[in-house]
>>> print(open('entry.txt').read())   # compact mmCIF, C-alpha atoms
# COMPACT_ATOMS: atom_id res chain seq x y z
CA MET A 1 0.00 0.00 0.00
CA THR A 2 1.53 3.25 -1.06
CA GLY A 3 0.58 6.79 -1.93
CA SER A 4 -3.06 7.80 -2.15
CA ASP A 5 -4.27 4.20 -1.66
CA ILE A 6 -3.46 4.37 2.07
CA PRO A 7 -6.29 5.74 4.27
CA SER A 8 -5.23 8.60 6.54
CA SER A 9 -6.03 6.55 9.66
CA PHE A 10 -7.51 3.30 10.93
CA ARG A 11 -10.45 3.49 13.34
CA LEU A 12 -10.73 0.63 15.83
CA ALA A 13 -13.77 0.34 18.06
CA TYR A 14 -13.56 -1.59 21.33
CA VAL A 15 -16.02 -2.49 24.06
CA PRO A 16 -15.59 -2.25 27.86
CA GLY A 17 -13.34 -4.94 29.29
CA VAL A 18 -11.38 -5.46 26.07
CA THR A 19 -7.81 -4.15 26.16
CA PRO A 20 -6.36 -3.54 22.66
CA THR A 21 -3.04 -2.14 23.96
CA LYS A 22 -0.72 -4.93 22.77
CA TRP A 23 -2.20 -4.97 19.26
CA VAL A 24 -2.10 -1.17 19.01
CA ARG A 25 1.59 -1.25 19.95
CA VAL A 26 2.36 -3.72 17.14
CA TRP A 27 0.34 -1.56 14.72
CA HIS A 28 2.48 1.50 15.51
CA GLU A 29 5.63 -0.55 14.99
CA ARG A 30 4.54 -1.90 11.61
CA LEU A 31 2.62 1.06 10.22
CA PRO A 32 4.13 4.16 11.84
CA GLY A 33 2.78 6.38 9.07
CA THR A 34 -0.86 5.32 9.55
CA PRO A 35 -2.43 6.53 12.83
CA LEU A 36 -4.75 4.16 14.69
CA GLU A 37 -7.74 5.89 16.27
CA LEU A 38 -9.48 4.11 19.16
CA VAL A 39 -13.26 4.45 19.38
CA GLN A 40 -14.91 3.31 22.62
CA ALA A 41 -18.42 1.85 22.35
CA THR A 42 -20.79 -0.13 24.55
CA ALA A 43 -21.22 -3.82 23.80
CA ALA A 44 -24.74 -3.11 22.55
CA ASP A 45 -23.76 -0.17 20.33
CA ALA A 46 -20.54 -1.56 18.79
CA PRO A 47 -22.16 -3.66 16.00
CA GLY A 48 -24.28 -0.72 14.81
CA LEU A 49 -21.27 1.57 14.92
CA LEU A 50 -19.38 -0.76 12.58
CA ALA A 51 -22.34 -1.26 10.26
CA ASP A 52 -22.80 2.51 9.93
CA GLY A 53 -19.12 3.14 9.13
CA GLY A 54 -18.26 4.71 12.47
CA ALA A 55 -15.19 2.48 12.70
CA ASP A 56 -13.21 0.31 10.27
CA ALA A 57 -13.11 -2.69 12.61
CA GLY A 58 -13.94 -3.44 16.22
CA LEU A 59 -13.19 -5.69 19.17
CA VAL A 60 -16.73 -6.73 20.08
CA ARG A 61 -18.65 -9.31 22.06
CA LEU A 62 -20.42 -12.09 20.18
CA PRO A 63 -22.96 -12.76 18.87
CA VAL A 64 -23.21 -10.32 15.95
CA ASP A 65 -25.31 -10.41 12.79
CA ARG A 66 -23.09 -12.32 10.34
CA ASP A 67 -25.12 -10.99 7.41
CA VAL A 68 -23.90 -7.51 8.33
CA LEU A 69 -20.52 -8.09 9.99
CA ALA A 70 -17.66 -10.49 9.37
CA ALA A 71 -16.07 -11.70 12.61
CA ILE A 72 -13.08 -13.69 13.82
CA PRO A 73 -13.49 -15.09 17.39
CA LEU A 74 -10.40 -14.29 19.45
CA TYR A 75 -10.98 -15.70 22.94
CA THR A 76 -13.60 -16.73 25.50
CA GLU A 77 -13.74 -15.16 28.94
CA THR A 78 -14.29 -16.82 32.28
CA THR A 79 -17.45 -15.74 34.10
CA VAL A 80 -16.94 -14.62 37.71
CA VAL A 81 -19.11 -13.47 40.58
CA VAL A 82 -18.23 -10.09 42.11
CA ILE A 83 -18.65 -10.15 45.90
CA PRO A 84 -17.58 -8.11 48.94
CA LYS A 85 -14.22 -9.12 50.40
CA ASP A 86 -15.88 -10.24 53.63
CA HIS A 87 -18.36 -12.51 51.82
CA VAL A 88 -18.40 -16.15 52.93
CA ALA A 89 -17.78 -17.28 49.32
CA THR A 90 -14.25 -15.84 49.40
CA ALA A 91 -13.17 -18.95 51.33
CA ALA A 92 -13.52 -21.02 48.13
CA GLU A 93 -11.42 -20.89 44.96
CA GLU A 94 -14.57 -21.03 42.83
CA VAL A 95 -18.29 -20.67 43.39
CA SER A 96 -21.09 -22.89 42.06
CA LEU A 97 -24.50 -21.71 40.92
CA ALA A 98 -25.98 -23.64 43.84
CA ASP A 99 -23.93 -21.47 46.20
CA LEU A 100 -25.73 -18.42 44.80
CA ALA A 101 -29.25 -19.82 45.19
CA ASP A 102 -30.07 -17.58 48.16
CA GLU A 103 -28.20 -14.51 46.88
CA ILE A 104 -29.75 -11.49 45.17
CA VAL A 105 -28.09 -11.63 41.76
CA LEU A 106 -28.04 -8.24 40.05
CA HIS A 107 -28.85 -8.17 36.34
CA PRO A 108 -27.85 -4.81 34.77
CA LEU A 109 -29.45 -3.66 31.54
CA ASP A 110 -26.07 -3.77 29.78
CA ASP A 111 -25.38 -7.38 30.82
CA VAL A 112 -23.32 -9.20 28.14
CA LEU A 113 -24.06 -12.77 29.30
CA ASP A 114 -26.77 -14.76 27.54
CA TRP A 115 -28.80 -16.18 30.41
CA GLU A 116 -31.65 -18.61 29.92
CA THR A 117 -32.43 -18.46 33.63
CA LEU A 118 -30.65 -16.06 35.95
CA PRO A 119 -29.44 -17.81 39.11
CA GLY A 120 -30.24 -16.69 42.63
CA ARG A 121 -33.01 -14.26 43.57
CA PRO A 122 -33.83 -11.29 41.34
CA ALA A 123 -33.38 -7.71 42.55
CA VAL A 124 -36.38 -5.39 42.77
CA GLU A 125 -35.00 -3.31 39.91
CA ARG A 126 -32.39 -3.90 37.25
CA PRO A 127 -29.40 -1.50 37.48
CA ALA A 128 -28.91 0.61 34.36
CA THR A 129 -25.24 -0.28 33.93
CA THR A 130 -22.60 -2.71 35.18
CA ALA A 131 -20.93 0.21 36.97
CA ASP A 132 -24.17 0.85 38.86
CA ALA A 133 -24.41 -2.83 39.76
CA ILE A 134 -20.86 -2.77 41.11
CA GLU A 135 -21.85 0.08 43.44
CA LEU A 136 -24.78 -1.99 44.71
CA VAL A 137 -22.50 -4.97 45.38
CA ALA A 138 -20.21 -2.70 47.39
CA ALA A 139 -23.27 -1.54 49.35
CA GLY A 140 -24.14 -5.14 50.21
CA VAL A 141 -27.32 -5.23 48.10
CA GLY A 142 -26.41 -8.30 46.04
CA VAL A 143 -23.78 -10.02 43.90
CA LEU A 144 -22.97 -9.68 40.20
CA LEU A 145 -21.99 -12.19 37.50
CA VAL A 146 -19.81 -10.73 34.72
CA PRO A 147 -16.93 -11.66 32.40
CA GLN A 148 -13.64 -11.52 34.27
CA SER A 149 -12.40 -8.51 32.28
CA LEU A 150 -15.34 -6.42 33.49
CA ALA A 151 -14.65 -7.42 37.09
CA ARG A 152 -11.09 -6.17 36.60
CA LEU A 153 -12.26 -3.01 34.85
CA HIS A 154 -14.51 -2.10 37.80
CA HIS A 155 -12.01 -3.18 40.46
CA ARG A 156 -12.52 -1.83 43.96
CA LYS A 157 -10.47 -2.46 47.09
CA ASP A 158 -13.53 -3.61 49.01
CA LEU A 159 -14.61 -6.15 46.33
CA THR A 160 -13.19 -9.35 44.92
CA TYR A 161 -14.39 -12.08 42.55
CA ARG A 162 -14.40 -15.85 42.10
CA PRO A 163 -14.85 -18.01 38.96
CA VAL A 164 -18.27 -19.60 38.48
CA PRO A 165 -18.24 -22.79 36.32
CA GLU A 166 -21.22 -23.91 34.23
CA THR A 167 -22.36 -20.38 33.42
CA PRO A 168 -22.71 -18.58 30.09
CA GLU A 169 -19.39 -17.17 28.85
CA SER A 170 -18.65 -14.10 26.75
CA ARG A 171 -16.68 -14.47 23.52
CA VAL A 172 -14.65 -11.56 22.15
CA ALA A 173 -14.14 -11.20 18.39
CA LEU A 174 -12.63 -8.88 15.81
CA ALA A 175 -15.43 -7.71 13.52
CA TRP A 176 -15.75 -5.47 10.45
CA PRO A 177 -18.45 -4.70 7.84
CA GLN A 178 -19.15 -7.57 5.46
CA ALA A 179 -17.44 -7.17 2.08
CA GLU A 180 -16.25 -9.44 -0.72
CA GLU A 181 -12.70 -8.74 0.42
CA ALA A 182 -11.51 -7.14 3.65
CA PRO A 183 -9.92 -3.67 3.17
CA ASP A 184 -6.13 -3.61 3.29
CA LEU A 185 -5.86 -2.00 6.72
CA VAL A 186 -8.42 -4.40 8.18
CA GLU A 187 -6.35 -7.25 6.73
CA GLU A 188 -3.27 -5.73 8.37
CA PHE A 189 -5.01 -5.71 11.77
CA ILE A 190 -6.27 -9.26 11.27
CA GLY A 191 -2.67 -10.29 10.74
CA ILE A 192 -1.63 -8.55 13.95
CA VAL A 193 -4.28 -10.15 16.17
CA ARG A 194 -3.55 -13.56 14.62
CA GLY A 195 0.15 -13.18 15.28
CA ARG A 196 1.34 -13.14 11.69
CA THR A 197 4.88 -11.95 11.15
CA VAL A 198 5.63 -8.70 9.37
CA ASN A 199 6.77 -10.64 6.26
CA SER A 200 3.59 -12.71 6.01
CA THR A 201 1.76 -12.29 2.69
CA ARG A 202 -1.39 -14.23 3.58
CA GLY A 203 -4.46 -12.54 2.19
CA ARG A 204 -2.62 -10.30 -0.26
CA ALA A 205 -0.18 -10.50 -3.16
CA ALA A 206 3.48 -10.71 -2.26
CA THR A 207 5.50 -7.55 -2.82
CA PRO A 208 8.33 -8.16 -5.32
CA GLN A 209 11.74 -7.97 -3.67
CA ARG A 210 14.61 -6.04 -5.26
CA PRO A 211 17.80 -8.09 -5.54
CA THR A 212 20.54 -7.04 -3.16
CA ALA A 213 24.11 -6.23 -4.25
CA LYS A 214 25.22 -9.58 -2.82
CA ALA A 215 22.58 -11.42 -4.81
CA LYS A 216 23.60 -9.58 -7.98
CA GLU A 217 27.26 -10.52 -7.44
CA LYS A 218 26.29 -14.15 -6.85
CA ALA A 219 24.24 -14.23 -10.05
CA LYS A 220 27.13 -12.68 -11.97
CA GLY A 221 29.46 -15.39 -10.69
CA LYS A 222 27.04 -18.11 -11.79
CA ARG A 223 26.87 -16.66 -15.30
CA ALA A 224 30.67 -16.53 -15.50
CA GLY A 225 30.88 -20.16 -14.36
CA ALA A 226 28.32 -21.20 -16.94
CA GLY A 227 30.44 -19.57 -19.68
CA GLY A 228 33.54 -21.51 -18.59
CA GLN A 229 31.62 -24.79 -18.74
CA GLY A 230 30.43 -23.96 -22.24
CA GLY A 231 34.06 -23.57 -23.42
CA ALA A 232 35.05 -26.88 -21.82
CA ARG A 233 32.55 -28.76 -23.96
CA HIS A 234 34.77 -28.04 -27.00
CA LYS A 235 37.89 -29.54 -25.36
CA PRO A 236 39.26 -32.49 -27.38
CA ALA A 237 38.92 -35.94 -25.92
CA ALA A 238 41.74 -37.21 -23.73
CA GLY A 239 44.64 -38.88 -25.61
CA ARG A 240 44.21 -36.94 -28.86
CA LYS A 241 46.52 -34.06 -29.58
CA PRO A 242 45.28 -31.46 -32.01
CA SER A 243 47.64 -30.50 -34.81
CA PRO A 244 48.76 -26.88 -34.93
CA GLY A 245 46.63 -26.17 -37.97
CA GLY A 246 43.78 -28.42 -37.10
CA ARG A 247 43.13 -31.95 -38.31
CA ALA A 248 42.13 -30.94 -41.82
CA GLY A 249 45.10 -28.64 -42.19
CA GLY A 250 47.55 -31.34 -41.07
CA GLN A 251 46.25 -33.88 -43.57
CA SER A 252 46.29 -31.33 -46.36
CA GLY A 253 49.93 -30.46 -45.55
CA LYS A 254 51.03 -34.10 -45.90
CA ARG A 255 49.40 -34.46 -49.26
CA GLY A 256 50.96 -31.24 -50.56
CA LYS A 257 54.56 -32.18 -49.65
CA PRO A 258 56.66 -32.54 -52.88
CA ARG A 259 58.39 -35.90 -53.46
CA GLY A 260 62.09 -36.19 -54.23
CA ARG A 261 62.88 -37.18 -57.78
>>> encode(input="entry.txt", output="structure tokens")
Amino acid sequence: MTGSDIPSSFRLAYVPGVTPTKWVRVWHERLPGTPLELVQATAADAPGLLADGGADAGLVRLPVDRDVLAAIPLYTETTVVVIPKDHVATAAEEVSLADLADEIVLHPLDDVLDWETLPGRPAVERPATTADAIELVAAGVGVLLVPQSLARLHHRKDLTYRPVPETPESRVALAWPQAEEAPDLVEEFIGIVRGRTVNSTRGRAATPQRPTAKAKEKAKGKRAGAGGQGGARHKPAAGRKPSPGGRAGGQSGKRGKPRGR
């Protein structure tokens, strides 16, 4: 990609809990002339933002509409329960759903887990956001089930969390608007998140390499060697000495020698 074909920047959307730092760092190393602009979006708004062209690609939570967005799953998060540090459940390394049967389990409106049946007892009202639910947990109102990254994002000194097996899990993916072929910069970012090396040509035509001076010298030597081998093919067979004037000349000289009378 050179000249006017390169967009002025690459816009990457990301949802709460997802940390794109390591991939952004690699981007700056590989494409220092193309700025990467981060666009924060809620998990619910991110797919629409991509579909409307508000970002070139995004780190989103699945599921998404595959008729509208292409997506590559990246990883699956562990679900944890956020509890006060003095909660009895802190004595265990992990908590079961049965352990939460008598707990008020908060269910914020921006919950990213796909529950068929929410465990525990429901709260009187649903908190508007996960941040609001965290405040209620700190106040001793209930507990909260979230992906581990969101528990870390909303970390508080008076709260902790424990893994909860057999619960819905959140999958994070790289997504971009559906197209017959991914744009070049999207393909570049796909390569980064998949760990491709800088010399990888997967998904695009290889860039022709100019021969180095060393390669040119090596090629020149091969041509010279080929010329020497060509001359050797005309060397007479072993054991036969060529006459000074050639075979034909030598025979002609013998015939032309005058006889003594």
>>> residues_around(input="entry.txt", residues="Val24 (chain A)", least_positions_apart="3", cutoff="10 Å", atoms="all atoms listed in the file", output="list in words")
Leu12, Thr19, Pro20, Thr21, Trp27, His28, Glu29, Arg30, Pro35, Leu36, Glu37, Leu38, Phe189, Ile192 and Val193 of chain A
>>> closest_residue(input="entry.txt", among="A:Thr167, A:Glu103, A:Asp56, A:Phe10", to="Gly33 (chain A)", atoms="all atoms listed in the file")
A:Phe10
>>> axis_aligned_box(input="entry.txt", around="region 120-125 of chain A", padding_each_side="8 Å", output="lines of an AutoDock Vina configuration file")
center_x = -33.3
center_y = -10.0
center_z = 41.7
size_x = 22.1
size_y = 29.4
size_z = 19.7
>>> residues_around(input="entry.txt", residues="Ala101 (chain A)", least_positions_apart="4", cutoff="12 Å", atoms="only C-alpha atoms", output="list in words")
Val95, Ser96, Leu97, Val105, Leu118, Pro119, Gly120, Arg121, Pro122, Gly142 and Val143 of chain A
>>> write_last_selection(input="entry.txt", atoms="C-alpha atoms", output="PDB file, in the coordinates of the input")
ATOM      1  CA  VAL A  95     -18.290 -20.670  43.390  1.00  0.00           C
ATOM      2  CA  SER A  96     -21.090 -22.890  42.060  1.00  0.00           C
ATOM      3  CA  LEU A  97     -24.500 -21.710  40.920  1.00  0.00           C
ATOM      4  CA  VAL A 105     -28.090 -11.630  41.760  1.00  0.00           C
ATOM      5  CA  LEU A 118     -30.650 -16.060  35.950  1.00  0.00           C
ATOM      6  CA  PRO A 119     -29.440 -17.810  39.110  1.00  0.00           C
ATOM      7  CA  GLY A 120     -30.240 -16.690  42.630  1.00  0.00           C
ATOM      8  CA  ARG A 121     -33.010 -14.260  43.570  1.00  0.00           C
ATOM      9  CA  PRO A 122     -33.830 -11.290  41.340  1.00  0.00           C
ATOM     10  CA  GLY A 142     -26.410  -8.300  46.040  1.00  0.00           C
ATOM     11  CA  VAL A 143     -23.780 -10.020  43.900  1.00  0.00           C
TER      12      VAL A 143
END
>>> residues_around(input="entry.txt", residues="Val64 (chain A)", least_positions_apart="3", cutoff="12 Å", atoms="all atoms listed in the file", output="ChimeraX atom specification")
/A:43-48,50-51,58-61,67-73,171-178
>>> atom_distance(input="entry.txt", atom1="CA of Pro16 (chain A)", atom2="CA of Leu62 (chain A)")
13.4 Å
>>> atom_distance(input="entry.txt", atom1="CA of Glu94 (chain A)", atom2="CA of Pro163 (chain A)")
4.9 Å
>>> residues_around(input="entry.txt", residues="Val198 (chain A)", least_positions_apart="2", cutoff="10 Å", atoms="all atoms listed in the file", output="list in words")
Val26, Glu29, Arg30, Glu188, Gly191, Ile192, Gly195, Arg196, Ser200 and Thr201 of chain A
>>> atom_distance(input="entry.txt", atom1="CA of Pro183 (chain A)", atom2="CA of Leu49 (chain A)")
17.2 Å
>>> residues_near_point(input="entry.txt", point="(-29.5, -1.5, 39.0)", cutoff="8 Å", atoms="all atoms listed in the file", output="MDAnalysis selection string")
chainID A and resid 106:109 125:130 132:133 136
>>> closest_residue(input="entry.txt", among="A:Pro32, A:Pro147, A:Pro168, A:Gly54", to="Glu116 (chain A)", atoms="all atoms listed in the file")
A:Pro168
>>> closest_residue(input="entry.txt", among="A:Glu180, A:Asp111, A:Asp86, A:Glu77", to="Leu159 (chain A)", atoms="all atoms listed in the file")
A:Asp86
>>> residues_around(input="entry.txt", residues="Thr160 (chain A)", least_positions_apart="3", cutoff="9 Å", atoms="only C-alpha atoms", output="list in words")
Val81, Val82, Ile83, Pro84, Lys85, Thr90, Ala151, His155, Arg156 and Lys157 of chain A
>>> closest_residue(input="entry.txt", among="A:Gly17, A:Thr78, A:Arg162, A:Ala131", to="Ser149 (chain A)", atoms="all atoms listed in the file")
A:Gly17
>>> closest_residue(input="entry.txt", among="A:Tyr161, A:Thr42, A:Ala91, A:Arg66", to="Asp110 (chain A)", atoms="only C-alpha atoms")
A:Thr42
>>> closest_residue(input="entry.txt", among="A:Ile104, A:Val164, A:Leu113, A:Leu150", to="Val137 (chain A)", atoms="all atoms listed in the file")
A:Ile104
